[in-house]
file run25.cif (mmCIF, C-alpha atoms)
data_coords
loop_
_atom_site.group_PDB
_atom_site.id
_atom_site.type_symbol
_atom_site.label_atom_id
_atom_site.label_comp_id
_atom_site.auth_asym_id
_atom_site.auth_seq_id
_atom_site.Cartn_x
_atom_site.Cartn_y
_atom_site.Cartn_z
ATOM 1 C CA MET A 1 -12.503 54.117 -61.396
ATOM 2 C CA GLU A 2 -11.267 57.484 -62.547
ATOM 3 C CA PHE A 3 -14.042 60.034 -63.054
ATOM 4 C CA ASP A 4 -14.206 61.818 -66.394
ATOM 5 C CA PRO A 5 -16.851 64.559 -66.847
ATOM 6 C CA GLN A 6 -17.057 63.547 -70.517
ATOM 7 C CA ASN A 7 -18.197 60.102 -69.411
ATOM 8 C CA LEU A 8 -21.693 61.235 -68.442
ATOM 9 C CA THR A 9 -24.809 61.172 -70.575
ATOM 10 C CA TYR A 10 -25.682 64.688 -71.689
ATOM 11 C CA ASN A 11 -28.801 65.676 -73.609
ATOM 12 C CA ALA A 12 -28.827 67.050 -77.158
ATOM 13 C CA GLN A 13 -27.857 70.473 -75.761
ATOM 14 C CA GLY A 14 -24.865 68.955 -73.947
ATOM 15 C CA LEU A 15 -26.506 69.356 -70.541
ATOM 16 C CA ILE A 16 -27.242 67.122 -67.557
ATOM 17 C CA PRO A 17 -29.714 67.905 -64.753
ATOM 18 C CA ALA A 18 -28.243 68.465 -61.299
ATOM 19 C CA ILE A 19 -30.335 68.276 -58.134
ATOM 20 C CA ALA A 20 -29.059 70.326 -55.187
ATOM 21 C CA GLN A 21 -29.919 68.939 -51.768
ATOM 22 C CA ASP A 22 -29.152 70.538 -48.395
ATOM 23 C CA ALA A 23 -26.368 68.382 -46.934
ATOM 24 C CA GLY A 24 -27.642 68.916 -43.424
ATOM 25 C CA THR A 25 -31.425 68.700 -43.601
ATOM 26 C CA GLY A 26 -31.904 66.692 -46.805
ATOM 27 C CA GLU A 27 -34.240 69.363 -48.198
ATOM 28 C CA VAL A 28 -34.240 69.436 -52.000
ATOM 29 C CA LEU A 29 -33.340 73.017 -52.871
ATOM 30 C CA MET A 30 -33.380 73.283 -56.665
ATOM 31 C CA MET A 31 -32.658 71.602 -59.957
ATOM 32 C CA ALA A 32 -30.515 73.205 -62.628
ATOM 33 C CA TRP A 33 -28.304 72.138 -65.515
ATOM 34 C CA MET A 34 -24.603 71.584 -66.061
ATOM 35 C CA ASN A 35 -22.441 70.997 -69.086
ATOM 36 C CA SER A 36 -19.234 68.965 -68.818
ATOM 37 C CA GLU A 37 -17.174 72.067 -68.113
ATOM 38 C CA ALA A 38 -19.525 73.108 -65.283
ATOM 39 C CA VAL A 39 -19.182 69.592 -63.844
ATOM 40 C CA ALA A 40 -15.397 69.890 -63.986
ATOM 41 C CA GLN A 41 -15.405 73.392 -62.465
ATOM 42 C CA THR A 42 -17.769 72.354 -59.663
ATOM 43 C CA LEU A 43 -15.500 69.459 -58.721
ATOM 44 C CA ALA A 44 -12.330 71.517 -59.045
ATOM 45 C CA THR A 45 -13.505 74.541 -57.056
ATOM 46 C CA GLY A 46 -16.048 73.055 -54.638
ATOM 47 C CA ARG A 47 -18.344 75.937 -55.621
ATOM 48 C CA VAL A 48 -21.396 74.660 -57.430
ATOM 49 C CA THR A 49 -21.408 75.995 -60.989
ATOM 50 C CA TYR A 50 -24.315 75.470 -63.357
ATOM 51 C CA TRP A 51 -24.869 76.344 -66.994
ATOM 52 C CA SER A 52 -27.510 79.020 -67.395
ATOM 53 C CA ARG A 53 -29.729 78.067 -70.323
ATOM 54 C CA SER A 54 -31.308 81.539 -70.437
ATOM 55 C CA ARG A 55 -27.986 83.401 -70.442
ATOM 56 C CA SER A 56 -25.896 80.706 -72.195
ATOM 57 C CA ALA A 57 -23.162 81.274 -69.650
ATOM 58 C CA PHE A 58 -21.616 79.657 -66.619
ATOM 59 C CA TRP A 59 -23.575 80.348 -63.480
ATOM 60 C CA ILE A 60 -21.422 80.186 -60.376
ATOM 61 C CA LYS A 61 -24.244 79.894 -57.886
ATOM 62 C CA GLY A 62 -24.253 82.896 -55.577
ATOM 63 C CA GLU A 63 -21.569 84.831 -57.453
ATOM 64 C CA THR A 64 -23.744 87.935 -57.592
ATOM 65 C CA SER A 65 -26.281 87.193 -54.814
ATOM 66 C CA GLY A 66 -23.843 85.758 -52.286
ATOM 67 C CA ASN A 67 -26.138 82.752 -51.917
ATOM 68 C CA THR A 68 -23.441 80.225 -52.686
ATOM 69 C CA GLN A 69 -23.533 76.449 -52.704
ATOM 70 C CA GLN A 70 -20.487 74.730 -51.295
ATOM 71 C CA LEU A 71 -20.188 71.182 -52.573
ATOM 72 C CA GLN A 72 -20.168 68.471 -49.930
ATOM 73 C CA GLU A 73 -20.930 65.401 -51.998
ATOM 74 C CA PHE A 74 -21.236 64.701 -55.723
ATOM 75 C CA ARG A 75 -23.204 61.681 -56.931
ATOM 76 C CA VAL A 76 -24.079 60.238 -60.340
ATOM 77 C CA ASP A 77 -27.160 58.121 -60.963
ATOM 78 C CA CYS A 78 -27.336 54.617 -62.451
ATOM 79 C CA ASP A 79 -27.974 55.881 -65.987
ATOM 80 C CA ARG A 80 -25.273 58.546 -65.667
ATOM 81 C CA ASP A 81 -27.789 61.140 -66.852
ATOM 82 C CA CYS A 82 -28.574 62.919 -63.585
ATOM 83 C CA LEU A 83 -26.447 64.366 -60.765
ATOM 84 C CA LEU A 84 -27.179 64.752 -57.064
ATOM 85 C CA LEU A 85 -25.184 67.402 -55.218
ATOM 86 C CA LYS A 86 -25.233 67.664 -51.455
ATOM 87 C CA VAL A 87 -24.441 71.258 -50.645
ATOM 88 C CA ILE A 88 -24.025 73.761 -47.881
ATOM 89 C CA GLN A 89 -26.409 76.501 -48.981
ATOM 90 C CA THR A 90 -25.706 80.053 -47.875
ATOM 91 C CA GLY A 91 -28.932 82.068 -47.809
ATOM 92 C CA PRO A 92 -31.902 81.131 -49.974
ATOM 93 C CA ALA A 93 -31.373 78.845 -52.983
ATOM 94 C CA CYS A 94 -34.331 80.281 -54.918
ATOM 95 C CA HIS A 95 -34.286 83.571 -56.816
ATOM 96 C CA THR A 96 -37.600 84.399 -55.078
ATOM 97 C CA GLY A 97 -35.731 84.562 -51.775
ATOM 98 C CA ARG A 98 -37.089 81.252 -50.535
ATOM 99 C CA ARG A 99 -34.939 78.521 -49.079
ATOM 100 C CA SER A 100 -36.020 76.074 -51.816
ATOM 101 C CA CYS A 101 -37.496 76.458 -55.303
ATOM 102 C CA PHE A 102 -40.107 73.804 -54.471
ATOM 103 C CA TYR A 103 -42.443 76.027 -52.459
ATOM 104 C CA THR A 104 -45.657 75.299 -54.379
ATOM 105 C CA LEU A 105 -47.713 72.346 -53.228
ATOM 106 C CA VAL A 106 -50.338 70.705 -55.419
ATOM 107 C CA GLN A 107 -53.125 69.146 -53.385
ATOM 108 C CA ASP A 108 -56.770 68.322 -54.093
ATOM 109 C CA GLY A 109 -56.541 69.939 -57.520
ATOM 110 C CA ALA A 110 -55.219 73.258 -56.236
ATOM 111 C CA GLU A 111 -51.874 75.005 -55.914
ATOM 112 C CA ARG A 112 -50.780 76.491 -52.643
ATOM 113 C CA ILE A 113 -47.580 78.325 -51.715
ATOM 114 C CA VAL A 114 -46.283 76.727 -48.527
ATOM 115 C CA MET A 115 -43.017 78.604 -47.963
ATOM 116 C CA ALA A 116 -42.354 82.294 -47.341
ATOM 117 C CA PRO A 117 -39.265 84.141 -48.527
ATOM 118 C CA ASP A 118 -36.477 84.196 -45.961
ATOM 119 C CA PRO A 119 -36.772 87.231 -43.661
ATOM 120 C CA MET B 120 -55.339 78.509 -57.626
ATOM 121 C CA GLU B 121 -56.621 75.542 -59.574
ATOM 122 C CA PHE B 122 -53.854 73.223 -60.791
ATOM 123 C CA ASP B 123 -53.786 72.362 -64.478
ATOM 124 C CA PRO B 124 -51.152 69.851 -65.688
ATOM 125 C CA GLN B 125 -51.042 71.773 -68.984
ATOM 126 C CA ASN B 126 -49.882 74.807 -67.062
ATOM 127 C CA LEU B 127 -46.355 73.490 -66.505
ATOM 128 C CA THR B 128 -43.290 74.111 -68.625
ATOM 129 C CA TYR B 129 -42.461 71.005 -70.633
ATOM 130 C CA ASN B 130 -39.396 70.565 -72.819
ATOM 131 C CA ALA B 131 -39.470 70.147 -76.608
ATOM 132 C CA GLN B 132 -40.413 66.482 -76.115
ATOM 133 C CA GLY B 133 -43.348 67.475 -73.895
ATOM 134 C CA LEU B 134 -41.620 66.205 -70.760
ATOM 135 C CA ILE B 135 -40.802 67.591 -67.313
ATOM 136 C CA PRO B 136 -38.259 66.124 -64.869
ATOM 137 C CA ALA B 137 -39.648 64.671 -61.639
ATOM 138 C CA ILE B 138 -37.469 64.053 -58.591
ATOM 139 C CA ALA B 139 -38.669 61.302 -56.242
ATOM 140 C CA GLN B 140 -37.712 61.758 -52.597
ATOM 141 C CA ASP B 141 -38.409 59.342 -49.742
ATOM 142 C CA ALA B 142 -41.143 61.036 -47.709
ATOM 143 C CA GLY B 143 -39.773 59.618 -44.477
ATOM 144 C CA THR B 144 -35.997 59.885 -44.698
ATOM 145 C CA GLY B 145 -35.592 62.651 -47.290
ATOM 146 C CA GLU B 146 -33.303 60.445 -49.380
ATOM 147 C CA VAL B 147 -33.405 61.355 -53.074
ATOM 148 C CA LEU B 148 -34.345 58.116 -54.810
ATOM 149 C CA MET B 149 -34.406 58.841 -58.545
ATOM 150 C CA MET B 150 -35.202 61.311 -61.270
ATOM 151 C CA ALA B 151 -37.425 60.443 -64.210
ATOM 152 C CA TRP B 152 -39.712 62.234 -66.664
ATOM 153 C CA MET B 153 -43.421 62.878 -66.949
ATOM 154 C CA ASN B 154 -45.650 64.227 -69.665
ATOM 155 C CA SER B 155 -48.844 66.109 -68.807
ATOM 156 C CA GLU B 156 -50.909 62.917 -68.869
ATOM 157 C CA ALA B 157 -48.473 61.185 -66.473
ATOM 158 C CA VAL B 158 -48.766 64.207 -64.163
ATOM 159 C CA ALA B 159 -52.559 63.954 -64.284
ATOM 160 C CA GLN B 160 -52.519 60.175 -63.723
ATOM 161 C CA THR B 161 -50.089 60.457 -60.799
ATOM 162 C CA LEU B 162 -52.320 62.999 -59.084
ATOM 163 C CA ALA B 163 -55.519 61.086 -59.859
ATOM 164 C CA THR B 164 -54.296 57.660 -58.741
ATOM 165 C CA GLY B 165 -51.677 58.476 -56.095
ATOM 166 C CA ARG B 166 -49.415 55.957 -57.836
ATOM 167 C CA VAL B 167 -46.409 57.670 -59.333
ATOM 168 C CA THR B 168 -46.486 57.307 -63.111
ATOM 169 C CA TYR B 169 -43.646 58.444 -65.349
ATOM 170 C CA TRP B 170 -43.201 58.537 -69.089
ATOM 171 C CA SER B 171 -40.575 56.051 -70.235
ATOM 172 C CA ARG B 172 -38.431 57.735 -72.878
ATOM 173 C CA SER B 173 -36.863 54.417 -73.922
ATOM 174 C CA ARG B 174 -40.185 52.607 -74.318
ATOM 175 C CA SER B 175 -42.306 55.664 -75.272
ATOM 176 C CA ALA B 176 -44.980 54.456 -72.882
ATOM 177 C CA PHE B 177 -46.444 55.240 -69.495
ATOM 178 C CA TRP B 178 -44.411 53.748 -66.696
ATOM 179 C CA ILE B 179 -46.485 53.098 -63.619
ATOM 180 C CA LYS B 180 -43.601 52.756 -61.198
ATOM 181 C CA GLY B 181 -43.542 49.236 -59.744
ATOM 182 C CA GLU B 182 -46.274 47.862 -61.978
ATOM 183 C CA THR B 183 -44.127 44.895 -62.981
ATOM 184 C CA SER B 184 -41.509 44.893 -60.170
ATOM 185 C CA GLY B 185 -43.880 45.616 -57.300
ATOM 186 C CA ASN B 186 -41.565 48.450 -56.223
ATOM 187 C CA THR B 187 -44.258 51.076 -56.241
ATOM 188 C CA GLN B 188 -44.167 54.729 -55.289
ATOM 189 C CA GLN B 189 -47.165 56.017 -53.394
ATOM 190 C CA LEU B 190 -47.481 59.770 -53.709
ATOM 191 C CA GLN B 191 -47.422 61.708 -50.447
ATOM 192 C CA GLU B 192 -46.692 65.203 -51.689
ATOM 193 C CA PHE B 193 -46.488 66.851 -55.097
ATOM 194 C CA ARG B 194 -44.548 70.084 -55.549
ATOM 195 C CA VAL B 195 -43.754 72.363 -58.482
ATOM 196 C CA ASP B 196 -40.684 74.584 -58.624
ATOM 197 C CA CYS B 197 -40.532 78.345 -59.153
ATOM 198 C CA ASP B 198 -39.999 78.052 -62.915
ATOM 199 C CA ARG B 199 -42.707 75.378 -63.226
ATOM 200 C CA ASP B 200 -40.223 73.192 -65.103
ATOM 201 C CA CYS B 201 -39.358 70.627 -62.426
ATOM 202 C CA LEU B 202 -41.406 68.490 -60.020
ATOM 203 C CA LEU B 203 -40.580 67.168 -56.566
ATOM 204 C CA LEU B 204 -42.533 64.122 -55.416
ATOM 205 C CA LYS B 205 -42.384 62.894 -51.853
ATOM 206 C CA VAL B 206 -43.185 59.214 -51.986
ATOM 207 C CA ILE B 207 -43.534 56.081 -49.938
ATOM 208 C CA GLN B 208 -41.188 53.729 -51.771
ATOM 209 C CA THR B 209 -41.869 50.006 -51.602
ATOM 210 C CA GLY B 210 -38.653 48.045 -52.160
ATOM 211 C CA PRO B 211 -35.740 49.536 -54.087
ATOM 212 C CA ALA B 212 -36.336 52.521 -56.381
ATOM 213 C CA CYS B 213 -33.438 51.638 -58.695
ATOM 214 C CA HIS B 214 -33.548 48.958 -61.377
ATOM 215 C CA THR B 215 -30.180 47.712 -59.996
ATOM 216 C CA GLY B 216 -31.969 46.693 -56.805
ATOM 217 C CA ARG B 217 -30.573 49.560 -54.786
ATOM 218 C CA ARG B 218 -32.664 51.834 -52.620
ATOM 219 C CA SER B 219 -31.648 54.911 -54.657
ATOM 220 C CA CYS B 220 -30.271 55.438 -58.162
ATOM 221 C CA PHE B 221 -27.619 57.792 -56.733
ATOM 222 C CA TYR B 222 -25.250 55.135 -55.434
ATOM 223 C CA THR B 223 -22.086 56.343 -57.180
ATOM 224 C CA LEU B 224 -19.985 58.895 -55.361
ATOM 225 C CA VAL B 225 -17.406 61.064 -57.118
ATOM 226 C CA GLN B 226 -14.569 62.057 -54.818
ATOM 227 C CA ASP B 227 -10.940 63.040 -55.393
ATOM 228 C CA GLY B 228 -11.260 62.371 -59.118
ATOM 229 C CA ALA B 229 -12.561 58.826 -58.693
ATOM 230 C CA GLU B 230 -15.915 57.048 -58.758
ATOM 231 C CA ARG B 231 -16.918 54.752 -55.955
ATOM 232 C CA ILE B 232 -20.098 52.732 -55.445
ATOM 233 C CA VAL B 233 -21.296 53.445 -51.919
ATOM 234 C CA MET B 234 -24.568 51.483 -51.768
ATOM 235 C CA ALA B 235 -25.212 47.757 -52.099
ATOM 236 C CA PRO B 236 -28.347 46.274 -53.654
ATOM 237 C CA ASP B 237 -31.072 45.531 -51.125
ATOM 238 C CA PRO B 238 -30.729 42.022 -49.692
#
call {"tool": "encode", "arguments": {"input": "run25.cif", "output": "structure tokens"}}
result
Amino acid sequence: MEFDPQNLTYNAQGLIPAIAQDAGTGEVLMMAWMNSEAVAQTLATGRVTYWSRSRSAFWIKGETSGNTQQLQEFRVDCDRDCLLLKVIQTGPACHTGRRSCFYTLVQDGAERIVMAPDP
Amino acid sequence: MEFDPQNLTYNAQGLIPAIAQDAGTGEVLMMAWMNSEAVAQTLATGRVTYWSRSRSAFWIKGETSGNTQQLQEFRVDCDRDCLLLKVIQTGPACHTGRRSCFYTLVQDGAERIVMAPDP
């Protein structure tokens, strides 16, 4: 079946969540949002491109930081309202300098940071 | 730091996305939503509990199907607006009977189903 970026289920803001997963290790790196044009650009260029909700602008991951995401695999879920991207991540994915954004563990009622920024 | 479910960033509907990942294999199984009470219940019971947007009700994963998710690890992302749950998944995670909801691959402009329902 032909893929059409319009044929996904976007929220009221026209956005769909996209989970980025390290293609090699399986580590979940981050979750961000795309609009249909970001979906199309990501597939066309192989460079993962989100929609920045805070800046209301396209966000070509790594364009300023160099910490790019090269698309390896693009998947849609059963409800067509979430994307899973397997990527080759250059440098840290998180703006804090950590490999992944999910560096805070909740355990026994407390939060604990379990990942240091990349050296 | 003490963890307080209220101290997360929820959307206008009071919900936060939660990614479920197989604790053993690292496979991303599904993404669903939680409200603060579902977060609290998940942590208190160790049984992953979402908020069903279609039914407007708590959704104790597997309560009717038996395909439960036992919580192994609970993580919060840097912006506190997304959760990552490492789980022990009993049976398929997807309502289609597949292990994961992300069974549709987009490649070369076409969609292709790359996972069969569990036997």
call {"tool": "atom_distance", "arguments": {"input": "run25.cif", "atom1": "atom CA of Glu121 of chain B", "atom2": "atom CA of Arg199 of chain B"}}
result
14.4 Å
call {"tool": "resolve_selection", "arguments": {"input": "run25.cif", "expression": "the PyMOL selection byres ((chain A) within 8 of (chain B))", "output": "PyMOL selection string"}}
result
chain A and resi 1-4+26-27+30-31+73-78+82-84+94+96+101-107+109-112
call {"tool": "atom_distance", "arguments": {"input": "run25.cif", "atom1": "atom CA of Ala93 of chain A", "atom2": "atom CA of Lys61 of chain A"}}
result
8.7 Å
call {"tool": "atom_distance", "arguments": {"input": "run25.cif", "atom1": "atom CA of Ala20 of chain A", "atom2": "atom CA of Gln188 of chain B"}}
result
21.7 Å
call {"tool": "build_atoms", "arguments": {"input": "run25.cif", "residues": "segment 182-206 of chain B", "atoms": "N, CA and C atoms", "output": "short mmCIF file (atom, residue, chain, number, x, y, z; two decimals), in the coordinates of the input"}}
result
data_model
loop_
_atom_site.label_atom_id
_atom_site.label_comp_id
_atom_site.auth_asym_id
_atom_site.auth_seq_id
_atom_site.Cartn_x
_atom_site.Cartn_y
_atom_site.Cartn_z
N GLU B 182 -45.18 48.68 -61.44
CA GLU B 182 -46.27 47.86 -61.98
C GLU B 182 -45.82 46.43 -62.25
N THR B 183 -44.61 46.26 -62.75
CA THR B 183 -44.13 44.90 -62.98
C THR B 183 -43.26 44.41 -61.81
N SER B 184 -42.45 45.31 -61.23
CA SER B 184 -41.51 44.89 -60.17
C SER B 184 -42.17 44.83 -58.79
N GLY B 185 -43.27 45.52 -58.63
CA GLY B 185 -43.88 45.62 -57.30
C GLY B 185 -43.28 46.74 -56.46
N ASN B 186 -42.24 47.38 -56.97
CA ASN B 186 -41.56 48.45 -56.22
C ASN B 186 -42.23 49.79 -56.49
N THR B 187 -43.41 49.92 -55.96
CA THR B 187 -44.26 51.08 -56.24
C THR B 187 -43.82 52.32 -55.48
N GLN B 188 -44.32 53.45 -55.98
CA GLN B 188 -44.17 54.73 -55.29
C GLN B 188 -45.55 55.31 -55.04
N GLN B 189 -45.88 55.42 -53.77
CA GLN B 189 -47.16 56.02 -53.39
C GLN B 189 -46.94 57.49 -53.12
N LEU B 190 -47.68 58.32 -53.81
CA LEU B 190 -47.48 59.77 -53.71
C LEU B 190 -47.94 60.31 -52.36
N GLN B 191 -47.06 61.06 -51.71
CA GLN B 191 -47.42 61.71 -50.45
C GLN B 191 -47.56 63.21 -50.64
N GLU B 192 -46.69 63.76 -51.50
CA GLU B 192 -46.69 65.20 -51.69
C GLU B 192 -46.20 65.50 -53.09
N PHE B 193 -46.80 66.48 -53.72
CA PHE B 193 -46.49 66.85 -55.10
C PHE B 193 -46.17 68.34 -55.12
N ARG B 194 -44.95 68.68 -55.52
CA ARG B 194 -44.55 70.08 -55.55
C ARG B 194 -44.03 70.50 -56.92
N VAL B 195 -44.19 71.76 -57.23
CA VAL B 195 -43.75 72.36 -58.48
C VAL B 195 -42.70 73.41 -58.13
N ASP B 196 -41.69 73.57 -58.96
CA ASP B 196 -40.68 74.58 -58.62
C ASP B 196 -41.05 75.96 -59.18
N CYS B 197 -40.25 76.94 -58.84
CA CYS B 197 -40.53 78.34 -59.15
C CYS B 197 -40.68 78.61 -60.65
N ASP B 198 -39.93 77.87 -61.46
CA ASP B 198 -40.00 78.05 -62.92
C ASP B 198 -41.04 77.14 -63.57
N ARG B 199 -41.69 76.32 -62.76
CA ARG B 199 -42.71 75.38 -63.23
C ARG B 199 -42.14 74.38 -64.24
N ASP B 200 -40.82 74.14 -64.15
CA ASP B 200 -40.22 73.19 -65.10
C ASP B 200 -39.53 72.02 -64.41
N CYS B 201 -39.88 71.79 -63.15
CA CYS B 201 -39.36 70.63 -62.43
C CYS B 201 -40.34 70.28 -61.31
N LEU B 202 -40.49 68.98 -61.06
CA LEU B 202 -41.41 68.49 -60.02
C LEU B 202 -40.63 67.80 -58.91
N LEU B 203 -41.13 67.90 -57.70
CA LEU B 203 -40.58 67.17 -56.57
C LEU B 203 -41.71 66.35 -55.95
N LEU B 204 -41.52 65.03 -55.94
CA LEU B 204 -42.53 64.12 -55.42
C LEU B 204 -42.02 63.48 -54.15
N LYS B 205 -42.73 63.65 -53.06
CA LYS B 205 -42.38 62.89 -51.85
C LYS B 205 -43.22 61.63 -51.88
N VAL B 206 -42.53 60.51 -51.74
CA VAL B 206 -43.18 59.21 -51.99
C VAL B 206 -42.91 58.23 -50.85
#
